[in-house]
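Participant: Structure supplied as work_0.cif; contents: mmCIF, C-alpha atoms.
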data_structure
loop_
_atom_site.group_PDB
_atom_site.id
_atom_site.type_symbol
_atom_site.label_atom_id
_atom_site.label_comp_id
_atom_site.auth_asym_id
_atom_site.auth_seq_id
_atom_site.Cartn_x
_atom_site.Cartn_y
_atom_site.Cartn_z
ATOM 1 C CA MET A 1 41.576 -30.472 -37.134
ATOM 2 C CA THR A 2 41.504 -27.743 -34.487
ATOM 3 C CA ASN A 3 39.416 -24.770 -35.548
ATOM 4 C CA PRO A 4 41.936 -22.064 -36.589
ATOM 5 C CA ILE A 5 39.491 -19.168 -36.101
ATOM 6 C CA TYR A 6 40.299 -16.851 -33.201
ATOM 7 C CA LEU A 7 37.520 -14.374 -32.535
ATOM 8 C CA ALA A 8 38.774 -10.840 -31.882
ATOM 9 C CA LEU A 9 36.775 -9.477 -28.954
ATOM 10 C CA ASP A 10 37.412 -5.795 -29.595
ATOM 11 C CA PHE A 11 34.800 -4.469 -27.193
ATOM 12 C CA PRO A 12 35.325 -1.922 -24.426
ATOM 13 C CA ARG A 13 32.644 -3.582 -22.253
ATOM 14 C CA LEU A 14 33.486 -6.894 -20.615
ATOM 15 C CA GLU A 15 29.829 -7.957 -20.561
ATOM 16 C CA THR A 16 29.507 -7.507 -24.312
ATOM 17 C CA ALA A 17 32.708 -9.394 -25.072
ATOM 18 C CA ASP A 18 31.697 -12.239 -22.776
ATOM 19 C CA ALA A 19 28.209 -12.502 -24.269
ATOM 20 C CA VAL A 20 29.440 -12.610 -27.879
ATOM 21 C CA ALA A 21 32.157 -15.146 -27.057
ATOM 22 C CA ARG A 22 29.709 -17.465 -25.321
ATOM 23 C CA LYS A 23 27.348 -17.330 -28.283
ATOM 24 C CA VAL A 24 29.957 -18.484 -30.807
ATOM 25 C CA LYS A 25 32.282 -20.588 -28.609
ATOM 26 C CA ASP A 26 31.372 -23.807 -30.411
ATOM 27 C CA HIS A 27 32.357 -22.369 -33.794
ATOM 28 C CA VAL A 28 35.725 -20.745 -33.045
ATOM 29 C CA GLY A 29 39.008 -22.176 -31.805
ATOM 30 C CA GLY A 30 40.154 -19.349 -29.545
ATOM 31 C CA LEU A 31 39.579 -15.796 -28.368
ATOM 32 C CA LYS A 32 41.776 -12.778 -29.081
ATOM 33 C CA LEU A 33 41.931 -9.967 -26.557
ATOM 34 C CA GLY A 34 43.648 -6.810 -27.738
ATOM 35 C CA MET A 35 44.813 -3.588 -26.196
ATOM 36 C CA GLU A 36 41.364 -1.999 -26.010
ATOM 37 C CA PHE A 37 40.054 -4.874 -23.909
ATOM 38 C CA PHE A 38 43.199 -5.386 -21.822
ATOM 39 C CA TYR A 39 43.637 -1.720 -20.933
ATOM 40 C CA ALA A 40 39.998 -1.546 -19.874
ATOM 41 C CA HIS A 41 39.765 -4.773 -17.880
ATOM 42 C CA GLY A 42 43.288 -6.047 -17.184
ATOM 43 C CA HIS A 43 43.906 -9.410 -15.557
ATOM 44 C CA HIS A 44 40.361 -9.623 -14.205
ATOM 45 C CA GLY A 45 38.861 -9.339 -17.673
ATOM 46 C CA VAL A 46 41.154 -12.003 -19.091
ATOM 47 C CA HIS A 47 40.307 -14.367 -16.233
ATOM 48 C CA GLU A 48 36.589 -13.853 -16.882
ATOM 49 C CA ILE A 49 36.883 -14.559 -20.612
ATOM 50 C CA ALA A 50 39.126 -17.569 -19.913
ATOM 51 C CA LYS A 51 36.228 -19.171 -18.011
ATOM 52 C CA ILE A 52 34.607 -19.801 -21.409
ATOM 53 C CA GLY A 53 37.201 -22.522 -21.886
ATOM 54 C CA LEU A 54 38.913 -21.496 -25.117
ATOM 55 C CA PRO A 55 42.603 -20.638 -25.653
ATOM 56 C CA ILE A 56 43.382 -16.968 -25.068
ATOM 57 C CA PHE A 57 45.449 -14.890 -27.491
ATOM 58 C CA LEU A 58 46.727 -11.700 -25.855
ATOM 59 C CA ASP A 59 47.369 -9.325 -28.727
ATOM 60 C CA LEU A 60 49.313 -6.738 -26.715
ATOM 61 C CA LYS A 61 51.929 -5.902 -29.353
ATOM 62 C CA LEU A 62 54.643 -5.361 -26.761
ATOM 63 C CA HIS A 63 57.334 -2.960 -27.970
ATOM 64 C CA ASP A 64 59.884 -1.435 -25.619
ATOM 65 C CA ILE A 65 63.430 -1.992 -24.420
ATOM 66 C CA PRO A 66 64.235 -5.693 -23.882
ATOM 67 C CA ASN A 67 64.119 -5.600 -20.085
ATOM 68 C CA THR A 68 60.727 -3.896 -20.012
ATOM 69 C CA VAL A 69 59.194 -6.336 -22.495
ATOM 70 C CA ALA A 70 60.588 -9.302 -20.547
ATOM 71 C CA GLY A 71 59.038 -7.872 -17.373
ATOM 72 C CA ALA A 72 55.684 -7.483 -19.121
ATOM 73 C CA MET A 73 55.815 -11.095 -20.299
ATOM 74 C CA GLN A 74 56.540 -12.270 -16.762
ATOM 75 C CA ALA A 75 53.629 -10.190 -15.455
ATOM 76 C CA ILE A 76 51.135 -12.018 -17.668
ATOM 77 C CA HIS A 77 52.387 -15.541 -16.839
ATOM 78 C CA VAL A 78 49.497 -16.047 -14.439
ATOM 79 C CA LEU A 79 47.014 -15.516 -17.286
ATOM 80 C CA GLU A 80 48.416 -18.538 -19.151
ATOM 81 C CA PRO A 81 47.916 -17.109 -22.644
ATOM 82 C CA ALA A 82 48.283 -19.434 -25.606
ATOM 83 C CA ILE A 83 49.671 -16.657 -27.816
ATOM 84 C CA VAL A 84 51.205 -13.225 -27.138
ATOM 85 C CA THR A 85 52.341 -10.667 -29.704
ATOM 86 C CA VAL A 86 55.390 -8.430 -29.685
ATOM 87 C CA HIS A 87 56.461 -5.969 -32.379
ATOM 88 C CA ALA A 88 59.218 -7.524 -34.496
ATOM 89 C CA GLY A 89 60.450 -3.977 -35.106
ATOM 90 C CA GLY A 90 61.648 -3.936 -31.502
ATOM 91 C CA GLY A 91 64.750 -5.827 -32.592
ATOM 92 C CA ARG A 92 66.470 -9.117 -31.932
ATOM 93 C CA ALA A 93 67.406 -8.603 -28.283
ATOM 94 C CA MET A 94 63.851 -7.602 -27.397
ATOM 95 C CA MET A 95 62.375 -10.628 -29.144
ATOM 96 C CA GLU A 96 64.895 -13.001 -27.580
ATOM 97 C CA ASP A 97 64.125 -11.683 -24.104
ATOM 98 C CA ALA A 98 60.385 -11.826 -24.735
ATOM 99 C CA LYS A 99 60.557 -15.476 -25.716
ATOM 100 C CA ALA A 100 62.830 -16.347 -22.804
ATOM 101 C CA ALA A 101 60.388 -14.724 -20.358
ATOM 102 C CA ALA A 102 57.252 -16.330 -21.808
ATOM 103 C CA GLY A 103 55.475 -19.304 -20.319
ATOM 104 C CA GLU A 104 56.450 -22.764 -21.496
ATOM 105 C CA HIS A 105 53.240 -23.283 -23.463
ATOM 106 C CA CYS A 106 52.919 -19.730 -24.769
ATOM 107 C CA LYS A 107 53.676 -18.983 -28.395
ATOM 108 C CA VAL A 108 55.345 -15.605 -28.917
ATOM 109 C CA VAL A 109 54.782 -14.138 -32.371
ATOM 110 C CA GLY A 110 56.214 -11.000 -33.927
ATOM 111 C CA VAL A 111 53.998 -8.406 -35.556
ATOM 112 C CA THR A 112 55.613 -7.534 -38.878
ATOM 113 C CA LEU A 113 53.496 -4.908 -40.661
ATOM 114 C CA LEU A 114 50.024 -3.884 -39.573
ATOM 115 C CA THR A 115 47.380 -4.865 -42.125
ATOM 116 C CA SER A 116 46.075 -1.290 -42.082
ATOM 117 C CA LEU A 117 49.325 -0.064 -43.686
ATOM 118 C CA ASP A 118 50.313 -0.008 -47.329
ATOM 119 C CA GLU A 119 53.403 1.154 -49.242
ATOM 120 C CA THR A 120 52.416 4.824 -49.006
ATOM 121 C CA ASP A 121 52.094 4.567 -45.237
ATOM 122 C CA MET A 122 55.452 2.811 -45.012
ATOM 123 C CA ALA A 123 57.169 5.527 -47.016
ATOM 124 C CA ALA A 124 55.706 8.202 -44.737
ATOM 125 C CA THR A 125 57.440 6.533 -41.762
ATOM 126 C CA GLY A 126 60.765 6.175 -43.543
ATOM 127 C CA ILE A 127 60.510 2.482 -44.462
ATOM 128 C CA GLY A 128 61.549 1.707 -48.020
ATOM 129 C CA GLY A 129 60.415 -1.105 -50.275
ATOM 130 C CA THR A 130 57.091 -2.894 -50.432
ATOM 131 C CA PRO A 131 54.986 -4.403 -47.650
ATOM 132 C CA HIS A 132 56.166 -7.804 -48.845
ATOM 133 C CA ASP A 133 59.818 -6.748 -48.479
ATOM 134 C CA GLN A 134 59.270 -5.499 -44.944
ATOM 135 C CA VAL A 135 57.374 -8.598 -43.839
ATOM 136 C CA MET A 136 60.073 -10.899 -45.204
ATOM 137 C CA ARG A 137 62.826 -8.889 -43.480
ATOM 138 C CA LEU A 138 61.096 -8.970 -40.120
ATOM 139 C CA ALA A 139 60.058 -12.619 -40.488
ATOM 140 C CA GLU A 140 63.690 -13.574 -40.963
ATOM 141 C CA LEU A 141 64.666 -11.533 -37.901
ATOM 142 C CA ALA A 142 61.877 -13.049 -35.792
ATOM 143 C CA HIS A 143 62.940 -16.555 -36.809
ATOM 144 C CA ALA A 144 66.566 -15.815 -35.952
ATOM 145 C CA SER A 145 65.441 -14.412 -32.601
ATOM 146 C CA GLY A 146 63.769 -17.669 -31.599
ATOM 147 C CA LEU A 147 60.148 -16.597 -31.838
ATOM 148 C CA ASP A 148 57.485 -19.176 -32.666
ATOM 149 C CA GLY A 149 56.186 -17.244 -35.646
ATOM 150 C CA ILE A 150 54.890 -13.945 -36.907
ATOM 151 C CA VAL A 151 51.767 -11.942 -37.596
ATOM 152 C CA CYS A 152 51.354 -10.929 -41.220
ATOM 153 C CA SER A 153 48.651 -10.360 -43.811
ATOM 154 C CA GLY A 154 47.303 -13.109 -46.014
ATOM 155 C CA HIS A 155 49.221 -11.601 -48.919
ATOM 156 C CA GLU A 156 52.569 -12.487 -47.358
ATOM 157 C CA VAL A 157 51.887 -15.651 -45.381
ATOM 158 C CA GLY A 158 52.504 -17.977 -48.325
ATOM 159 C CA ALA A 159 55.964 -16.559 -49.018
ATOM 160 C CA VAL A 160 56.909 -16.611 -45.333
ATOM 161 C CA HIS A 161 55.640 -20.173 -44.935
ATOM 162 C CA SER A 162 57.801 -21.314 -47.845
ATOM 163 C CA GLN A 163 60.890 -19.990 -46.021
ATOM 164 C CA TRP A 164 59.878 -20.979 -42.476
ATOM 165 C CA LYS A 165 58.254 -24.392 -42.781
ATOM 166 C CA ASP A 166 57.544 -24.989 -39.082
ATOM 167 C CA GLY A 167 56.592 -21.410 -38.238
ATOM 168 C CA PHE A 168 53.372 -20.396 -36.503
ATOM 169 C CA PHE A 169 51.584 -17.795 -38.585
ATOM 170 C CA VAL A 170 48.808 -15.515 -37.364
ATOM 171 C CA VAL A 171 46.830 -13.745 -40.073
ATOM 172 C CA PRO A 172 44.533 -10.847 -39.111
ATOM 173 C CA GLY A 173 42.575 -8.457 -41.296
ATOM 174 C CA LEU A 174 40.538 -11.271 -42.824
ATOM 175 C CA ARG A 175 37.261 -10.582 -44.535
ATOM 176 C CA PRO A 176 34.747 -13.042 -46.008
ATOM 177 C CA ALA A 177 34.246 -12.576 -49.746
ATOM 178 C CA ASP A 178 31.077 -10.520 -49.253
ATOM 179 C CA ALA A 179 32.299 -8.317 -46.380
ATOM 180 C CA LYS A 180 33.392 -4.678 -46.347
ATOM 181 C CA LEU A 181 37.110 -4.008 -45.944
ATOM 182 C CA GLY A 182 36.726 -1.211 -43.386
ATOM 183 C CA ASP A 183 40.205 0.028 -42.401
ATOM 184 C CA GLN A 184 41.978 -3.059 -43.775
ATOM 185 C CA LYS A 185 44.018 -2.373 -46.896
ATOM 186 C CA ARG A 186 45.538 -5.812 -47.479
ATOM 187 C CA ALA A 187 42.773 -8.250 -46.603
ATOM 188 C CA VAL A 188 42.128 -11.744 -47.991
ATOM 189 C CA THR A 189 39.439 -14.335 -47.242
ATOM 190 C CA PRO A 190 39.868 -16.826 -44.379
ATOM 191 C CA ARG A 191 40.104 -19.747 -46.815
ATOM 192 C CA GLN A 192 42.795 -18.013 -48.891
ATOM 193 C CA ALA A 193 44.868 -17.378 -45.768
ATOM 194 C CA ARG A 194 44.451 -20.942 -44.507
ATOM 195 C CA ASP A 195 45.427 -22.411 -47.864
ATOM 196 C CA ALA A 196 48.544 -20.210 -47.918
ATOM 197 C CA GLY A 197 49.761 -21.567 -44.585
ATOM 198 C CA ALA A 198 48.082 -19.559 -41.817
ATOM 199 C CA SER A 199 48.016 -21.299 -38.428
ATOM 200 C CA VAL A 200 45.541 -18.883 -36.842
ATOM 201 C CA LEU A 201 42.852 -16.825 -38.558
ATOM 202 C CA VAL A 202 41.939 -13.697 -36.592
ATOM 203 C CA ILE A 203 38.416 -12.545 -37.363
ATOM 204 C CA GLY A 204 36.642 -9.771 -35.522
ATOM 205 C CA ARG A 205 33.938 -7.549 -36.974
ATOM 206 C CA PRO A 206 32.587 -10.008 -39.587
ATOM 207 C CA ILE A 207 31.547 -12.261 -36.681
ATOM 208 C CA ALA A 208 31.437 -10.124 -33.556
ATOM 209 C CA ARG A 209 29.380 -7.309 -35.045
ATOM 210 C CA ALA A 210 27.224 -9.389 -37.365
ATOM 211 C CA ASP A 211 23.461 -9.331 -36.885
ATOM 212 C CA ASP A 212 23.724 -13.059 -36.148
ATOM 213 C CA PRO A 213 27.238 -13.849 -34.849
ATOM 214 C CA VAL A 214 26.576 -17.593 -34.682
ATOM 215 C CA ALA A 215 25.439 -17.782 -38.301
ATOM 216 C CA ALA A 216 28.410 -15.658 -39.383
ATOM 217 C CA ALA A 217 30.887 -17.873 -37.509
ATOM 218 C CA LYS A 218 29.340 -21.054 -38.877
ATOM 219 C CA ALA A 219 29.420 -19.673 -42.430
ATOM 220 C CA ILE A 220 33.126 -18.860 -42.183
ATOM 221 C CA GLU A 221 33.888 -22.182 -40.494
ATOM 222 C CA ALA A 222 32.163 -23.980 -43.352
ATOM 223 C CA THR A 223 34.555 -22.445 -45.910
ATOM 224 C CA LEU A 224 37.665 -23.871 -44.239
#
As C-alpha cells, please, write out the structure in this file.
Facilitator:
Amino acid sequence: MTNPIYLALDFPRLETADAVARKVKDHVGGLKLGMEFFYAHGHHGVHEIAKIGLPIFLDLKLHDIPNTVAGAMQAIHVLEPAIVTVHAGGGRAMMEDAKAAAGEHCKVVGVTLLTSLDETDMAATGIGGTPHDQVMRLAELAHASGLDGIVCSGHEVGAVHSQWKDGFFVVPGLRPADAKLGDQKRAVTPRQARDAGASVLVIGRPIARADDPVAAAKAIEATL
C-alpha cells in the first residue's frame, strides 16, 4: 500500500522545508506545498523540493473566474504536480475549466470547508446549515463538475465516500491522539480518517515541527 501521508511543508524558508522533507522522506508518501511556500519560492522552490523524489501536492486553493483559474492551472503544468486544489465554492464552470486545463496525471480536488471553520464561522459569512451540510453540497457539485475528489475534514469524509465511491479524498487538519489541536476545530486522528475513506492524509505540524520529525512520522505511519 502506498503511504497516504503527505507532509505539509508550511515553512517560509526553502532550506528548512527541504531539510525536514529529506529527513522524513522514507516515512511519508508525498509533500504538500501551500500558499506560504509557493508565494515565497514559486516554481524554483517546487523544482527544488521535487528533487527529493516524492509526489508534489500544490495546495494553492485556486479561486477566481473560470478563465483565470484555467490559466493558472496551465501555468503550473511544467511543475507536474500530483494534486492541485481549487475552491469548490468557485462554482461548476470554474471547476470544469480547472480540470480541463490540468495535466493528464494531475488530480484536481475541490476544497469544501476549511477545517479551521465551524458552524459559527459559517453563519458569520452567510452560509446556513452545518459544516456537514456544506461539505455534502459542495462534494456533490465537485463530482458533477468532473473533479477527481474533494478536500474535507475527517468528520465528513465517511459520508462523502459513501456517496462518491471512486472519489479521491484529501483530509487535512489531522492530529495524533496526543497532539494539540492548535487552530483546527474539526480534527480527527490519521487512522480515523483513513478508516473513513481518506485517500491522502495531510499532516504538518505534528511531524514538521516535532522535536524528532522522523520519530513522529514513523509513529503516525505505524498507526495506519
Participant: Given the file above and the PyMOL selection byres ((chain A and resi 61-71) around 6), which residues are selected, and can you give them as a PyMOL selection string?
Facilitator: chain A and resi 59-60+72-74+85-87+90+94+97-98+101
Participant: Which residues would end up in the selection if the PyMOL selection byres ((chain A and resi 153-167) around 8) were applied here, given that I need the answer as a short mmCIF file (atom, residue, chain, number, x, y, z; two decimals) with C-alpha atoms, keeping the file's coordinate frame?
Facilitator:
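The resulting file, selection_1.cif, is reproduced below:
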data_model
loop_
_atom_site.label_atom_id
_atom_site.label_comp_id
_atom_site.auth_asym_id
_atom_site.auth_seq_id
_atom_site.Cartn_x
_atom_site.Cartn_y
_atom_site.Cartn_z
CA LEU A 113 53.50 -4.91 -40.66
CA LEU A 114 50.02 -3.88 -39.57
CA THR A 115 47.38 -4.86 -42.12
CA HIS A 132 56.17 -7.80 -48.84
CA VAL A 135 57.37 -8.60 -43.84
CA MET A 136 60.07 -10.90 -45.20
CA ALA A 139 60.06 -12.62 -40.49
CA HIS A 143 62.94 -16.56 -36.81
CA ASP A 148 57.48 -19.18 -32.67
CA GLY A 149 56.19 -17.24 -35.65
CA ILE A 150 54.89 -13.94 -36.91
CA VAL A 151 51.77 -11.94 -37.60
CA CYS A 152 51.35 -10.93 -41.22
CA PHE A 168 53.37 -20.40 -36.50
CA PHE A 169 51.58 -17.80 -38.58
CA VAL A 171 46.83 -13.74 -40.07
CA PRO A 172 44.53 -10.85 -39.11
CA GLY A 173 42.58 -8.46 -41.30
CA LEU A 174 40.54 -11.27 -42.82
CA ARG A 186 45.54 -5.81 -47.48
CA ALA A 187 42.77 -8.25 -46.60
CA VAL A 188 42.13 -11.74 -47.99
CA GLN A 192 42.80 -18.01 -48.89
CA ALA A 193 44.87 -17.38 -45.77
CA ALA A 196 48.54 -20.21 -47.92
CA GLY A 197 49.76 -21.57 -44.58
CA ALA A 198 48.08 -19.56 -41.82
#
Participant: Any chance you could resolve the PyMOL selection byres ((chain A and resi 56) around 12) against this file and give the residues as a ChimeraX atom specification?
Facilitator: /A:5-9,21,28-34,45-55,57-60,76,79-85,105-107
Participant: Write the residues of the selection above to a file with C-alpha atoms, as a PDB file, in the coordinates of the input.
Facilitator:
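Now in out.pdb:
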ATOM      1  CA  ILE A   5      39.491 -19.168 -36.101  1.00  0.00           C
ATOM      2  CA  TYR A   6      40.299 -16.851 -33.201  1.00  0.00           C
ATOM      3  CA  LEU A   7      37.520 -14.374 -32.535  1.00  0.00           C
ATOM      4  CA  ALA A   8      38.774 -10.840 -31.882  1.00  0.00           C
ATOM      5  CA  LEU A   9      36.775  -9.477 -28.954  1.00  0.00           C
ATOM      6  CA  ALA A  21      32.157 -15.146 -27.057  1.00  0.00           C
ATOM      7  CA  VAL A  28      35.725 -20.745 -33.045  1.00  0.00           C
ATOM      8  CA  GLY A  29      39.008 -22.176 -31.805  1.00  0.00           C
ATOM      9  CA  GLY A  30      40.154 -19.349 -29.545  1.00  0.00           C
ATOM     10  CA  LEU A  31      39.579 -15.796 -28.368  1.00  0.00           C
ATOM     11  CA  LYS A  32      41.776 -12.778 -29.081  1.00  0.00           C
ATOM     12  CA  LEU A  33      41.931  -9.967 -26.557  1.00  0.00           C
ATOM     13  CA  GLY A  34      43.648  -6.810 -27.738  1.00  0.00           C
ATOM     14  CA  GLY A  45      38.861  -9.339 -17.673  1.00  0.00           C
ATOM     15  CA  VAL A  46      41.154 -12.003 -19.091  1.00  0.00           C
ATOM     16  CA  HIS A  47      40.307 -14.367 -16.233  1.00  0.00           C
ATOM     17  CA  GLU A  48      36.589 -13.853 -16.882  1.00  0.00           C
ATOM     18  CA  ILE A  49      36.883 -14.559 -20.612  1.00  0.00           C
ATOM     19  CA  ALA A  50      39.126 -17.569 -19.913  1.00  0.00           C
ATOM     20  CA  LYS A  51      36.228 -19.171 -18.011  1.00  0.00           C
ATOM     21  CA  ILE A  52      34.607 -19.801 -21.409  1.00  0.00           C
ATOM     22  CA  GLY A  53      37.201 -22.522 -21.886  1.00  0.00           C
ATOM     23  CA  LEU A  54      38.913 -21.496 -25.117  1.00  0.00           C
ATOM     24  CA  PRO A  55      42.603 -20.638 -25.653  1.00  0.00           C
ATOM     25  CA  PHE A  57      45.449 -14.890 -27.491  1.00  0.00           C
ATOM     26  CA  LEU A  58      46.727 -11.700 -25.855  1.00  0.00           C
ATOM     27  CA  ASP A  59      47.369  -9.325 -28.727  1.00  0.00           C
ATOM     28  CA  LEU A  60      49.313  -6.738 -26.715  1.00  0.00           C
ATOM     29  CA  ILE A  76      51.135 -12.018 -17.668  1.00  0.00           C
ATOM     30  CA  LEU A  79      47.014 -15.516 -17.286  1.00  0.00           C
ATOM     31  CA  GLU A  80      48.416 -18.538 -19.151  1.00  0.00           C
ATOM     32  CA  PRO A  81      47.916 -17.109 -22.644  1.00  0.00           C
ATOM     33  CA  ALA A  82      48.283 -19.434 -25.606  1.00  0.00           C
ATOM     34  CA  ILE A  83      49.671 -16.657 -27.816  1.00  0.00           C
ATOM     35  CA  VAL A  84      51.205 -13.225 -27.138  1.00  0.00           C
ATOM     36  CA  THR A  85      52.341 -10.667 -29.704  1.00  0.00           C
ATOM     37  CA  HIS A 105      53.240 -23.283 -23.463  1.00  0.00           C
ATOM     38  CA  CYS A 106      52.919 -19.730 -24.769  1.00  0.00           C
ATOM     39  CA  LYS A 107      53.676 -18.983 -28.395  1.00  0.00           C
TER      40      LYS A 107
END
Participant: May I ask which of the residues A:Pro131, A:Pro190, A:Ile220, A:Phe38 is the closest one to Ser116 in chain A, counting only C-alpha atoms?
Facilitator: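 Under the stated criterion, the closest residue is A:Pro131.
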Participant: Kindly give the distance, in Å, that separates CA of Ala222 in chain A and CA of Arg22 in chain A, rounded to a single decimal.
Facilitator: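 One can read the CA of Ala222 in chain A to CA of Arg22 in chain A distance as 19.3 Å.
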Participant: When you draw a straight line from CA of Gly204 in chain A to CA of His44 in chain A, how long is it in Å?
Facilitator: 21.6 Å
Participant: Could you check how far CA of Glu36 in chain A sits from CA of Met122 in chain A, in Å to one decimal?
Facilitator: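 About the pair CA of Glu36 in chain A and CA of Met122 in chain A: they are 24.1 Å apart.
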Participant: Near Gly89 in chain A, counting all atoms listed in the file, which residues have an atom at most 8 Å away, once you skip same-chain residues fewer than 5 positions from it, shown as an MDAnalysis selection string?
Facilitator: chainID A and resid 63 111:112 138
Participant: What lies within 8 Å of Phe11 in chain A using only C-alpha atoms, ignoring chain neighbours under 5 positions off, as a PyMOL selection string?
Facilitator: chain A and resi 16-17+36-37
Participant: Would you mind exporting the chosen residues as a PDB file, in the coordinates of the input, restricted to C-alpha atoms?
Facilitator:
ATOM      1  CA  THR A  16      29.507  -7.507 -24.312  1.00  0.00           C
ATOM      2  CA  ALA A  17      32.708  -9.394 -25.072  1.00  0.00           C
ATOM      3  CA  GLU A  36      41.364  -1.999 -26.010  1.00  0.00           C
ATOM      4  CA  PHE A  37      40.054  -4.874 -23.909  1.00  0.00           C
TER       5      PHE A  37
END
Participant: Restricting the calculation to all atoms listed in the file, which member of A:Asp195, A:Val214, A:Ala219, A:Gly129 is positioned closest to Ala19 in chain A?
Facilitator: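 Closest residue, counting all atoms listed in the file: A:Val214.
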Participant: Of the candidates A:Leu141, A:Leu147, A:Ala88, A:Ala124, which one gets nearest to Ala102 in chain A if we count all atoms listed in the file?
Facilitator: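 Closest residue, counting all atoms listed in the file: A:Leu147.
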